[in-house]
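Participant: As input, take run-v2.cif (mmCIF, C-alpha atoms and all ligand atoms):
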data_target
loop_
_atom_site.label_atom_id
_atom_site.label_comp_id
_atom_site.auth_asym_id
_atom_site.auth_seq_id
_atom_site.Cartn_x
_atom_site.Cartn_y
_atom_site.Cartn_z
CA MET W 1164 35.03 -3.34 -32.81
CA SER W 1165 32.30 -3.86 -30.23
CA THR W 1166 32.90 -4.96 -26.64
CA PRO W 1167 33.15 -8.76 -26.63
CA ARG W 1168 30.45 -10.41 -24.53
CA LEU W 1169 30.60 -13.80 -22.93
CA LEU W 1170 27.27 -15.50 -22.20
CA LEU W 1171 27.48 -18.31 -19.64
CA GLY W 1172 24.82 -21.00 -19.32
CA GLN W 1173 23.84 -24.38 -20.70
CA THR W 1174 24.24 -24.35 -24.49
CA PHE W 1175 22.15 -26.14 -27.12
CA GLU W 1176 24.49 -27.23 -29.90
CA ALA W 1177 23.57 -29.01 -33.15
CA ARG W 1178 26.14 -30.60 -35.42
CA GLY W 1179 23.90 -32.74 -37.59
CA ASN W 1180 20.30 -33.67 -38.37
CA PRO W 1181 18.67 -35.69 -35.56
CA PHE W 1182 16.13 -37.15 -38.00
CA ARG W 1183 18.85 -38.72 -40.17
CA GLN W 1184 21.31 -39.81 -37.52
CA PRO W 1185 20.93 -40.77 -33.84
CA TRP W 1186 19.97 -37.62 -31.96
CA ARG W 1187 22.87 -38.07 -29.52
CA GLU W 1188 25.34 -37.72 -32.40
CA ALA W 1189 23.53 -34.74 -33.93
CA VAL W 1190 22.70 -32.57 -30.93
CA ARG W 1191 24.01 -31.97 -27.43
CA ILE W 1192 23.57 -29.68 -24.46
CA ASP W 1193 26.73 -28.54 -22.66
CA SER W 1194 25.84 -27.94 -19.02
CA ALA W 1195 28.99 -25.79 -18.55
CA GLY W 1196 28.72 -23.92 -21.82
CA ALA W 1197 29.50 -20.42 -23.01
CA VAL W 1198 29.08 -18.32 -26.14
CA LEU W 1199 31.48 -15.50 -27.00
CA ILE W 1200 30.03 -12.78 -29.23
CA GLU W 1201 31.63 -9.78 -30.86
CA ASP W 1202 30.69 -7.46 -33.73
CA GLY W 1203 27.30 -9.14 -34.09
CA LEU W 1204 28.76 -12.60 -34.61
CA ILE W 1205 29.37 -15.70 -32.53
CA ARG W 1206 33.16 -15.97 -32.15
CA ALA W 1207 33.38 -19.12 -30.03
CA VAL W 1208 31.21 -21.74 -28.35
CA GLY W 1209 32.65 -24.01 -25.70
CA ASN W 1210 33.48 -24.72 -22.12
CA ARG W 1211 32.86 -21.71 -19.88
CA ASP W 1212 36.17 -21.87 -17.98
CA ARG W 1213 38.17 -22.12 -21.17
CA LEU W 1214 36.35 -19.24 -22.87
CA ARG W 1215 36.72 -17.09 -19.74
CA ARG W 1216 40.46 -17.69 -19.83
CA ASP W 1217 40.64 -17.03 -23.58
CA ALA W 1218 38.59 -13.81 -23.41
CA PRO W 1219 39.34 -12.18 -20.06
CA GLN W 1220 38.35 -8.76 -21.41
CA ALA W 1221 34.80 -9.88 -22.30
CA GLU W 1222 31.75 -8.51 -20.49
CA VAL W 1223 30.18 -11.52 -18.74
CA HIS W 1224 26.44 -12.31 -18.74
CA ASP W 1225 25.90 -15.27 -16.44
CA TYR W 1226 22.65 -17.10 -17.18
CA GLY W 1227 23.31 -19.82 -14.59
CA PRO W 1228 21.33 -22.98 -15.44
CA GLN W 1229 19.32 -21.30 -18.20
CA LEU W 1230 19.58 -22.65 -21.73
CA ILE W 1231 21.31 -20.56 -24.41
CA CYS W 1232 19.76 -21.48 -27.77
CA PRO W 1233 19.94 -20.13 -31.28
CA GLY W 1234 17.06 -17.65 -31.70
CA PHE W 1235 13.93 -19.50 -32.80
CA VAL W 1236 13.20 -19.48 -36.52
CA ASP W 1237 9.54 -19.52 -37.57
CA ALA W 1238 9.51 -20.75 -41.17
CA HIS W 1239 5.92 -19.80 -42.13
CA VAL W 1240 3.80 -16.96 -40.72
CA HIS W 1241 1.27 -14.44 -41.96
CA TYR W 1242 2.02 -11.25 -40.02
CA PRO W 1243 -1.15 -9.55 -41.40
CA GLN W 1244 -3.24 -12.15 -39.53
CA THR W 1245 -1.93 -11.11 -36.11
CA ALA W 1246 -5.21 -9.46 -35.07
CA ILE W 1247 -7.41 -12.42 -36.10
CA ILE W 1248 -5.47 -15.19 -34.36
CA ALA W 1249 -7.80 -17.55 -32.48
CA SER W 1250 -10.91 -16.96 -34.60
CA TRP W 1251 -13.59 -19.56 -33.98
CA GLY W 1252 -15.23 -22.32 -35.88
CA LYS W 1253 -14.05 -22.51 -39.52
CA GLN W 1254 -11.95 -24.75 -41.72
CA LEU W 1255 -9.52 -23.46 -44.32
CA ILE W 1256 -11.60 -22.02 -47.17
CA ASP W 1257 -14.35 -20.62 -44.92
CA TRP W 1258 -11.72 -19.36 -42.49
CA LEU W 1259 -9.98 -17.47 -45.31
CA ASN W 1260 -13.23 -15.92 -46.53
CA THR W 1261 -14.68 -15.16 -43.10
CA TYR W 1262 -11.71 -13.90 -41.13
CA THR W 1263 -8.54 -13.65 -43.21
CA PHE W 1264 -9.50 -11.75 -46.33
CA PRO W 1265 -11.48 -9.02 -44.50
CA GLU W 1266 -8.53 -8.48 -42.15
CA GLU W 1267 -5.98 -8.46 -44.99
CA MET W 1268 -8.16 -5.80 -46.65
CA ARG W 1269 -7.52 -3.50 -43.67
CA LEU W 1270 -3.82 -3.44 -44.53
CA GLU W 1271 -4.73 -1.35 -47.56
CA ASP W 1272 -4.06 1.48 -45.09
CA PRO W 1273 -0.24 1.77 -44.84
CA ASP W 1274 -0.47 3.08 -41.27
CA TYR W 1275 -2.44 0.01 -40.20
CA ALA W 1276 0.03 -2.27 -42.01
CA ALA W 1277 2.92 -0.61 -40.13
CA ARG W 1278 1.08 -0.92 -36.82
CA ILE W 1279 0.40 -4.63 -37.33
CA ALA W 1280 3.96 -5.34 -38.53
CA ASN W 1281 5.38 -3.71 -35.40
CA ARG W 1282 2.88 -5.44 -33.13
CA TYR W 1283 3.60 -8.82 -34.73
CA LEU W 1284 7.40 -8.49 -34.42
CA ASP W 1285 7.15 -7.44 -30.78
CA LEU W 1286 4.96 -10.46 -30.05
CA ALA W 1287 7.31 -12.79 -31.93
CA LEU W 1288 10.39 -11.46 -30.10
CA SER W 1289 8.66 -11.73 -26.73
CA HIS W 1290 8.23 -15.43 -27.56
CA GLY W 1291 11.91 -15.86 -28.50
CA THR W 1292 11.53 -15.84 -32.30
CA THR W 1293 14.31 -13.84 -33.95
CA THR W 1294 13.74 -14.78 -37.61
CA MET W 1295 10.59 -15.57 -39.53
CA CYS W 1296 9.48 -16.11 -43.10
CA SER W 1297 6.27 -14.13 -43.54
CA TYR W 1298 3.50 -13.74 -46.05
CA THR W 1299 2.22 -10.20 -46.39
CA THR W 1300 -0.90 -8.98 -48.26
CA VAL W 1301 -1.46 -8.14 -51.89
CA HIS W 1302 -0.38 -4.54 -51.15
CA ALA W 1303 3.28 -3.80 -51.96
CA HIS W 1304 3.46 -1.40 -48.99
CA SER W 1305 2.70 -4.33 -46.64
CA VAL W 1306 6.13 -5.73 -47.60
CA ASP W 1307 7.80 -2.38 -46.89
CA ALA W 1308 5.99 -2.19 -43.54
CA PHE W 1309 7.32 -5.59 -42.51
CA PHE W 1310 10.92 -5.17 -43.64
CA ASP W 1311 11.08 -1.63 -42.20
CA ALA W 1312 9.85 -2.88 -38.82
CA ALA W 1313 12.33 -5.79 -38.91
CA ALA W 1314 15.22 -3.48 -39.86
CA ALA W 1315 14.36 -1.18 -36.94
CA ARG W 1316 14.93 -4.20 -34.66
CA GLY W 1317 17.99 -5.48 -36.56
CA MET W 1318 16.26 -8.76 -37.39
CA ARG W 1319 17.01 -11.24 -40.17
CA THR W 1320 13.71 -11.90 -41.94
CA VAL W 1321 12.18 -13.28 -45.11
CA ALA W 1322 8.99 -11.98 -46.74
CA GLY W 1323 7.32 -11.27 -50.05
CA LYS W 1324 4.21 -9.73 -51.55
CA THR W 1325 1.28 -12.18 -51.46
CA CYS W 1326 0.03 -12.55 -55.02
CA MET W 1327 -3.61 -13.41 -55.85
CA ASP W 1328 -5.44 -12.73 -59.10
CA ARG W 1329 -8.57 -14.85 -58.65
CA ASN W 1330 -10.87 -16.35 -56.00
CA ALA W 1331 -10.23 -13.46 -53.64
CA PRO W 1332 -12.36 -10.36 -53.04
CA GLU W 1333 -12.06 -7.14 -55.00
CA GLY W 1334 -9.40 -5.08 -53.26
CA LEU W 1335 -7.19 -8.11 -52.59
CA ARG W 1336 -6.61 -9.08 -56.21
CA ASP W 1337 -3.68 -8.11 -58.42
CA THR W 1338 -3.07 -9.35 -61.98
CA ALA W 1339 -0.43 -11.59 -63.52
CA GLN W 1340 1.39 -8.50 -64.80
CA SER W 1341 1.09 -6.34 -61.68
CA ALA W 1342 2.15 -9.24 -59.44
CA TYR W 1343 5.24 -9.64 -61.60
CA ASP W 1344 5.98 -5.91 -61.74
CA ASP W 1345 5.38 -5.22 -58.04
CA SER W 1346 7.35 -8.27 -56.91
CA LYS W 1347 10.23 -7.34 -59.24
CA ALA W 1348 10.38 -3.81 -57.85
CA LEU W 1349 10.28 -5.15 -54.28
CA ILE W 1350 13.11 -7.58 -55.04
CA ALA W 1351 15.20 -4.70 -56.43
CA HIS W 1352 14.56 -2.75 -53.24
CA TRP W 1353 14.75 -5.44 -50.55
CA GLN W 1354 16.62 -8.58 -51.61
CA GLY W 1355 19.87 -8.68 -49.63
CA GLN W 1356 19.20 -5.23 -48.18
CA GLY W 1357 20.51 -5.38 -44.59
CA ARG W 1358 19.21 -8.68 -43.21
CA ALA W 1359 16.25 -9.04 -45.62
CA THR W 1360 15.63 -11.95 -47.99
CA TYR W 1361 12.83 -11.76 -50.54
CA ALA W 1362 10.45 -14.68 -51.11
CA ILE W 1363 8.35 -14.69 -54.28
CA THR W 1364 4.90 -15.51 -52.88
CA PRO W 1365 1.96 -16.85 -54.86
CA ARG W 1366 -0.50 -17.47 -51.98
CA PHE W 1367 -1.61 -20.91 -53.30
CA SER W 1368 -2.80 -22.35 -56.60
CA PRO W 1369 -6.52 -21.63 -56.04
CA THR W 1370 -5.91 -17.88 -55.86
CA SER W 1371 -3.55 -17.61 -58.85
CA THR W 1372 -4.41 -18.10 -62.53
CA PRO W 1373 -1.98 -20.22 -64.56
CA GLU W 1374 -0.87 -16.92 -66.13
CA GLN W 1375 0.07 -15.50 -62.75
CA LEU W 1376 1.90 -18.67 -61.70
CA SER W 1377 3.86 -18.53 -64.99
CA ALA W 1378 4.72 -14.87 -64.53
CA LEU W 1379 6.04 -15.57 -61.03
CA GLY W 1380 7.92 -18.63 -62.33
CA SER W 1381 9.65 -16.37 -64.87
CA LEU W 1382 10.46 -13.84 -62.17
CA TRP W 1383 12.01 -16.57 -60.00
CA ALA W 1384 14.13 -17.73 -62.98
CA GLU W 1385 15.40 -14.14 -63.26
CA HIS W 1386 16.06 -14.01 -59.49
CA PRO W 1387 17.14 -17.48 -58.39
CA GLU W 1388 18.68 -15.93 -55.25
CA CYS W 1389 15.15 -15.41 -53.90
CA LEU W 1390 13.09 -18.00 -52.09
CA MET W 1391 9.65 -19.00 -53.39
CA GLN W 1392 7.01 -19.71 -50.74
CA THR W 1393 3.49 -21.03 -51.07
CA HIS W 1394 0.98 -23.51 -49.60
CA LEU W 1395 0.65 -27.17 -50.56
CA SER W 1396 -1.92 -29.90 -49.74
CA GLU W 1397 -3.27 -28.54 -46.49
CA GLN W 1398 -6.89 -29.79 -46.54
CA PRO W 1399 -8.78 -32.37 -48.65
CA ALA W 1400 -11.39 -29.82 -49.84
CA GLU W 1401 -8.60 -27.50 -50.98
CA ILE W 1402 -6.91 -30.35 -52.90
CA ALA W 1403 -10.21 -31.23 -54.63
CA TRP W 1404 -10.60 -27.56 -55.58
CA VAL W 1405 -7.09 -27.49 -57.05
CA ARG W 1406 -7.91 -30.62 -59.07
CA ALA W 1407 -11.01 -28.90 -60.50
CA LEU W 1408 -9.12 -25.65 -61.28
CA PHE W 1409 -6.13 -27.42 -62.90
CA PRO W 1410 -7.55 -30.46 -64.72
CA GLN W 1411 -4.28 -31.03 -66.64
CA ALA W 1412 -2.10 -31.23 -63.51
CA ARG W 1413 -0.87 -34.60 -62.27
CA ASP W 1414 -1.34 -33.46 -58.67
CA TYR W 1415 -1.19 -30.30 -56.50
CA LEU W 1416 2.61 -30.03 -56.67
CA ASP W 1417 2.42 -30.18 -60.46
CA THR W 1418 0.40 -26.94 -60.53
CA TYR W 1419 3.56 -25.25 -59.25
CA GLU W 1420 6.11 -27.34 -61.15
CA ALA W 1421 4.38 -26.78 -64.50
CA HIS W 1422 4.83 -23.03 -64.00
CA GLY W 1423 8.48 -23.00 -62.93
CA LEU W 1424 7.70 -22.87 -59.20
CA LEU W 1425 9.56 -25.94 -57.96
CA GLY W 1426 13.25 -25.93 -57.08
CA PRO W 1427 15.72 -26.10 -54.21
CA ARG W 1428 14.76 -22.68 -52.86
CA ALA W 1429 11.03 -23.46 -52.79
CA VAL W 1430 9.36 -23.54 -49.37
CA PHE W 1431 5.99 -25.28 -49.14
CA GLY W 1432 3.82 -24.78 -46.06
CA HIS W 1433 1.72 -27.62 -44.59
CA ALA W 1434 2.26 -30.47 -47.14
CA ILE W 1435 0.08 -32.86 -45.18
CA HIS W 1436 -1.83 -34.94 -47.74
CA LEU W 1437 0.94 -35.69 -50.24
CA GLU W 1438 0.88 -38.31 -53.00
CA PRO W 1439 3.94 -40.60 -53.28
CA ARG W 1440 4.90 -38.87 -56.55
CA GLU W 1441 4.85 -35.50 -54.85
CA ILE W 1442 7.11 -36.69 -52.04
CA ASP W 1443 9.58 -38.19 -54.52
CA ARG W 1444 9.62 -35.02 -56.61
CA ILE W 1445 10.13 -32.80 -53.55
CA ALA W 1446 13.03 -35.00 -52.44
CA GLU W 1447 14.57 -34.94 -55.93
CA THR W 1448 14.39 -31.19 -56.32
CA GLY W 1449 15.57 -30.24 -52.81
CA ALA W 1450 12.50 -28.14 -52.00
CA ALA W 1451 11.70 -27.60 -48.32
CA LEU W 1452 8.52 -28.39 -46.38
CA VAL W 1453 7.25 -26.57 -43.32
CA HIS W 1454 5.31 -28.24 -40.51
CA CYS W 1455 2.63 -25.99 -38.98
CA PRO W 1456 1.22 -28.20 -36.22
CA THR W 1457 -0.91 -25.75 -34.19
CA SER W 1458 -2.54 -24.55 -37.39
CA ASN W 1459 -3.03 -28.07 -38.69
CA SER W 1460 -5.06 -29.00 -35.65
CA PHE W 1461 -6.69 -25.56 -35.11
CA ILE W 1462 -8.21 -25.37 -38.60
CA GLY W 1463 -8.66 -29.13 -38.84
CA SER W 1464 -6.14 -29.92 -41.58
CA GLY W 1465 -4.55 -33.21 -40.50
CA LEU W 1466 -1.42 -34.88 -39.21
CA MET W 1467 1.77 -34.22 -41.20
CA ASP W 1468 4.34 -37.03 -41.23
CA VAL W 1469 7.19 -34.79 -40.12
CA ALA W 1470 9.52 -37.58 -38.99
CA GLY W 1471 8.99 -39.63 -42.15
CA LEU W 1472 9.59 -36.66 -44.43
CA ALA W 1473 12.59 -35.35 -42.49
CA ALA W 1474 14.17 -38.81 -42.53
CA ARG W 1475 14.22 -38.60 -46.34
CA CYS W 1476 16.50 -35.98 -47.90
CA ILE W 1477 13.84 -33.28 -47.53
CA PRO W 1478 14.61 -30.13 -45.52
CA VAL W 1479 11.80 -29.66 -42.98
CA GLY W 1480 11.22 -26.60 -40.82
CA LEU W 1481 8.73 -25.75 -38.09
CA ALA W 1482 6.31 -22.83 -38.00
CA THR W 1483 3.45 -21.20 -36.14
CA ASP W 1484 1.48 -20.25 -39.29
CA THR W 1485 0.13 -17.28 -37.32
CA GLY W 1486 -2.91 -16.60 -37.53
CA GLY W 1487 -4.13 -20.01 -38.84
CA GLY W 1488 -1.90 -21.26 -36.07
CA SER W 1489 -3.13 -20.60 -32.57
CA SER W 1490 0.08 -19.28 -30.99
CA PHE W 1491 3.06 -16.97 -31.52
CA SER W 1492 5.26 -19.35 -29.52
CA MET W 1493 7.69 -21.81 -31.08
CA LEU W 1494 7.68 -23.65 -27.73
CA ARG W 1495 3.92 -24.16 -28.02
CA THR W 1496 4.53 -25.16 -31.65
CA MET W 1497 7.10 -27.78 -30.62
CA ALA W 1498 4.53 -29.12 -28.14
CA ALA W 1499 1.95 -29.40 -30.92
CA ALA W 1500 4.49 -31.17 -33.15
CA TYR W 1501 5.08 -33.64 -30.33
CA GLU W 1502 1.35 -34.23 -29.89
CA ILE W 1503 0.74 -34.72 -33.62
CA ALA W 1504 3.61 -37.21 -33.87
CA GLN W 1505 2.10 -39.07 -30.90
CA LEU W 1506 -1.22 -39.29 -32.74
CA ARG W 1507 0.75 -40.86 -35.62
CA GLY W 1508 2.34 -43.33 -33.21
CA SER W 1509 5.82 -41.91 -32.66
CA ALA W 1510 7.49 -39.73 -30.04
CA LEU W 1511 9.76 -36.90 -31.17
CA HIS W 1512 12.73 -36.38 -28.86
CA PRO W 1513 13.22 -32.89 -27.35
CA ALA W 1514 16.48 -32.72 -29.34
CA GLN W 1515 14.50 -33.20 -32.55
CA LEU W 1516 11.88 -30.62 -31.56
CA MET W 1517 14.47 -27.98 -30.69
CA TRP W 1518 16.38 -28.74 -33.89
CA LEU W 1519 13.24 -28.26 -36.01
CA ALA W 1520 12.68 -24.81 -34.47
CA THR W 1521 16.30 -23.67 -34.98
CA SER W 1522 18.71 -25.38 -37.40
CA GLY W 1523 15.97 -27.23 -39.32
CA ALA W 1524 13.89 -24.12 -39.88
CA ALA W 1525 17.00 -22.11 -40.84
CA ARG W 1526 17.94 -24.82 -43.34
CA SER W 1527 14.45 -24.77 -44.86
CA LEU W 1528 14.98 -21.04 -45.56
CA HIS W 1529 18.58 -21.48 -46.81
CA LEU W 1530 19.82 -19.38 -43.90
CA HIS W 1531 21.68 -22.22 -42.15
CA ASP W 1532 25.11 -20.76 -42.83
CA ARG W 1533 24.13 -17.58 -40.93
CA ILE W 1534 21.61 -18.45 -38.21
CA GLY W 1535 19.96 -21.38 -36.45
CA THR W 1536 23.05 -22.93 -34.84
CA LEU W 1537 25.47 -21.88 -32.12
CA ALA W 1538 28.61 -21.92 -34.23
CA PRO W 1539 31.57 -19.58 -34.75
CA GLY W 1540 30.90 -17.15 -37.61
CA HIS W 1541 27.13 -17.36 -37.24
CA GLU W 1542 25.14 -14.22 -36.52
CA ALA W 1543 24.56 -13.75 -32.79
CA ASP W 1544 20.78 -14.16 -32.65
CA LEU W 1545 20.13 -15.98 -29.37
CA THR W 1546 17.21 -16.93 -27.18
CA ILE W 1547 17.75 -17.67 -23.51
CA LEU W 1548 15.28 -20.14 -21.98
CA ASP W 1549 14.40 -20.19 -18.30
CA LEU W 1550 13.71 -23.88 -17.62
CA ALA W 1551 11.71 -23.08 -14.45
CA SER W 1552 9.54 -20.21 -15.69
CA THR W 1553 6.29 -21.21 -13.95
CA PRO W 1554 5.55 -23.19 -10.79
CA ALA W 1555 4.10 -26.05 -12.87
CA ILE W 1556 7.19 -26.28 -15.07
CA ALA W 1557 9.64 -25.79 -12.19
CA GLN W 1558 8.18 -28.59 -10.05
CA ARG W 1559 8.39 -31.06 -12.96
CA ALA W 1560 11.88 -29.97 -14.03
CA ALA W 1561 13.06 -30.41 -10.43
CA GLU W 1562 12.36 -34.15 -10.73
CA ALA W 1563 14.32 -34.52 -13.98
CA LYS W 1564 17.08 -37.11 -14.22
CA ASP W 1565 18.87 -35.42 -17.09
CA ILE W 1566 18.88 -32.15 -19.05
CA TRP W 1567 16.51 -33.42 -21.75
CA GLU W 1568 13.96 -34.38 -19.13
CA ALA W 1569 14.48 -30.96 -17.54
CA LEU W 1570 13.89 -29.21 -20.89
CA PHE W 1571 10.80 -31.15 -21.94
CA PRO W 1572 8.32 -29.47 -19.52
CA THR W 1573 9.38 -26.07 -20.95
CA ILE W 1574 8.76 -27.38 -24.47
CA MET W 1575 5.33 -28.71 -23.47
CA MET W 1576 4.15 -25.95 -21.12
CA GLY W 1577 6.36 -22.92 -21.81
CA GLU W 1578 5.44 -19.74 -23.67
CA ASP W 1579 6.62 -16.13 -23.38
CA ARG W 1580 7.38 -16.38 -19.65
CA ALA W 1581 10.08 -18.96 -20.50
CA ILE W 1582 12.01 -16.41 -22.59
CA SER W 1583 14.39 -14.67 -20.24
CA ASP W 1584 16.38 -12.76 -22.88
CA VAL W 1585 16.72 -12.37 -26.63
CA TRP W 1586 19.88 -11.21 -28.42
CA ILE W 1587 19.68 -9.89 -31.97
CA GLY W 1588 22.88 -9.45 -33.97
CA GLY W 1589 24.93 -9.47 -30.77
CA GLN W 1590 22.77 -6.86 -28.99
CA LYS W 1591 20.47 -7.61 -26.08
CA HIS W 1592 16.94 -6.83 -27.27
CA ARG W 1593 15.04 -4.27 -25.22
CA PRO W 1594 11.32 -4.51 -25.92
CA ALA W 1595 9.66 -1.26 -26.99
CA SER W 1596 5.97 -0.66 -26.48
CA SER W 1597 3.96 -0.62 -29.67
CA GLY W 1598 0.29 -0.70 -30.62
N1 LIG S 1601 -3.77 -21.34 -47.67
C1 LIG S 1601 -3.86 -20.22 -48.41
N2 LIG S 1601 -3.79 -19.12 -47.65
C2 LIG S 1601 -3.64 -19.54 -46.39
C3 LIG S 1601 -3.50 -18.88 -45.14
O1 LIG S 1601 -3.51 -17.65 -45.03
N3 LIG S 1601 -3.35 -19.67 -44.04
C4 LIG S 1601 -3.35 -21.03 -44.13
N4 LIG S 1601 -3.20 -21.75 -43.02
N5 LIG S 1601 -3.48 -21.68 -45.28
C5 LIG S 1601 -3.63 -20.95 -46.40
ZN ZN S 1602 0.10 -20.09 -44.36
#
Give the structure from the file, written as structure tokens.
Ligand code: GUN
Ligand code: ZN
Facilitator:
Amino acid sequence: MSTPRLLLGQTFEARGNPFRQPWREAVRIDSAGAVLIEDGLIRAVGNRDRLRRDAPQAEVHDYGPQLICPGFVDAHVHYPQTAIIASWGKQLIDWLNTYTFPEEMRLEDPDYAARIANRYLDLALSHGTTTMCSYTTVHAHSVDAFFDAAAARGMRTVAGKTCMDRNAPEGLRDTAQSAYDDSKALIAHWQGQGRATYAITPRFSPTSTPEQLSALGSLWAEHPECLMQTHLSEQPAEIAWVRALFPQARDYLDTYEAHGLLGPRAVFGHAIHLEPREIDRIAETGAALVHCPTSNSFIGSGLMDVAGLAARCIPVGLATDTGGGSSFSMLRTMAAAYEIAQLRGSALHPAQLMWLATSGAARSLHLHDRIGTLAPGHEADLTILDLASTPAIAQRAAEAKDIWEALFPTIMMGEDRAISDVWIGGQKHRPASSG
């Protein structure tokens, strides 16, 4: 038994989905809140005076007016792209060929892969992200590097070997058979090991032959406990390329469905330019979509209809898409989601933005019974937000008439300075220096 700890502050609590019911019924902030944690789990969430009385032996951490949130969940990242974030001037296909593939080649060196995995996780944690679902590279050791680095920090993570057997340079290509074999061996080693979840990961249809997609579809059928992650309908030129490569397919989604790669544990990144049939099929099958708003504007992809899709029975999460995305911060990502919704003519409420980055993203990864919500029995991964972290934010928050208005400047202008503490599995995280 560990020492119980009682965290006092304002608490962000979600009970429902603020895209499918009025946000006031789904989400609330308790200005006199508290979270009791013990043995890595949340034991109670409630009024601070009551929890103090109920747990007089607990060690108290008083965060004053700061906001205690579930740790942020980033539902789509590429940790190998950490060192090429903010690379200038290209759209998707040119960006992959110019910046991404040469960098991913460098992870052929296991020491470099380990260095980048550690650097990425330190950056993510410094921005309040406690769980992420990451792509890796074609190299099996890049999966080991990521899960080893996450285990060293006690983090719950999702990742899988990125499979590509065509339209990628020599050195980054596997085959249908080796993708199957390597992924299978990695599943045997990592799935359910500690806090790791494995995601079978064909990068996207243009870089996999139909044979490779089929092999990975068979592997998923053998391991339905795994997630399956890939990209869908990010840019018009990419969609036209998919149409040329798969002339039999009804649409982009069908290139996955025809090979056994559509189901409730599928996670599709971007999903911007969808046909009505694709939306209906995604809703029917229970697959999840991930909104990557900084990436979608940075590499010029378009404006996802996040509110429209989330209002249907489609799980939707939020993500940085590092390094196509231009930030490691889920706060900055919420701001970009707000701005993109504005360009589509609607305003997302701060309750909806925070939900997307916590419960919504956890749901998209099927981790919602463990993380993403302040609830008894959930794992104690927490991010504490300082709502006055810079002079610009503090002066605006000081004028706020309610807590949501006080939170919104941190969503719009906050980054790593807004993160005052991170707790992982009930332990306060102490940043280590890494390369
Ligand atoms: N589509 C296929 N690969 C990638 C990638 O690495 N980043 C983004 N944003 N889109 C992709
Ligand atoms: Zn991506």
Participant: Could you give me, as number ranges by chain, the residues within 12 Å of region 1397-1406 of chain W, counting all atoms listed in the file and dropping anything in the same chain fewer than 3 positions from it?
Facilitator: W: 1254-1257, 1259, 1330, 1367-1373, 1393-1394, 1409-1419, 1431-1438, 1452-1456, 1458-1460, 1462-1467, 1484, 1487
Participant: May I have the centre and edge lengths, in Å to one decimal, of an axis-aligned box around the listed atoms of ligand LIG 1601 (chain S) with 3 Å added to every side, as JSON?
Facilitator:
{"center_x": -3.5, "center_y": -19.7, "center_z": -45.7, "size_x": 6.7, "size_y": 10.1, "size_z": 11.4}
Participant: With a distance cut-off of 9 Å and all atoms listed in the file, select the neighbouring residues of Ala1450 (chain W), excluding the residue or stretch itself and same-chain residues fewer than 6 positions from it, and output the selection as a compact mmCIF listing (two decimals) with C-alpha atoms, keeping the file's coordinate frame.
Facilitator:
# COMPACT_ATOMS: atom_id res chain seq x y z
CA LEU W 1425 9.56 -25.94 -57.96
CA GLY W 1426 13.25 -25.93 -57.08
CA PRO W 1427 15.72 -26.10 -54.21
CA ARG W 1428 14.76 -22.68 -52.86
CA ALA W 1429 11.03 -23.46 -52.79
CA VAL W 1430 9.36 -23.54 -49.37
CA PHE W 1431 5.99 -25.28 -49.14
CA ARG W 1444 9.62 -35.02 -56.61
CA ILE W 1477 13.84 -33.28 -47.53
CA PRO W 1478 14.61 -30.13 -45.52
CA SER W 1527 14.45 -24.77 -44.86
Participant: Return the single residue from W:Ala1280, W:Leu1530, W:Leu1570, W:Met1295 that is closest to Met1497 (chain W), with distances computed using only C-alpha atoms.
Facilitator: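 Smallest distance to Met1497 (chain W) is found for W:Leu1570.
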Participant: Interatomic distance between CA of Ile1279 (chain W) and CA of Leu1204 (chain W)?
Facilitator: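 These atoms are spaced 29.6 Å apart.
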Participant: Here is a test: counting only C-alpha atoms and all ligand atoms, which residue of W:Gly1234, W:Gly1334, W:Gly1486, W:Gly1227 is nearest to ligand ZN 1602 (chain S)?
Facilitator: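 Selected residue with least distance to ligand ZN 1602 (chain S): W:Gly1486.
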Participant: Taking 5 positions as the minimum chain separation for residues in the same chain, which residues sit within 12 Å of Glu1385 (chain W) when counting all atoms listed in the file? Answer as a list in words.
Facilitator: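 Once the adjacent positions are removed, what remains is Tyr1343, Ser1346, Lys1347, Ile1350, Ala1351, Ile1363, Ala1378, Leu1379, Gly1380 and Gly1423 of chain W.
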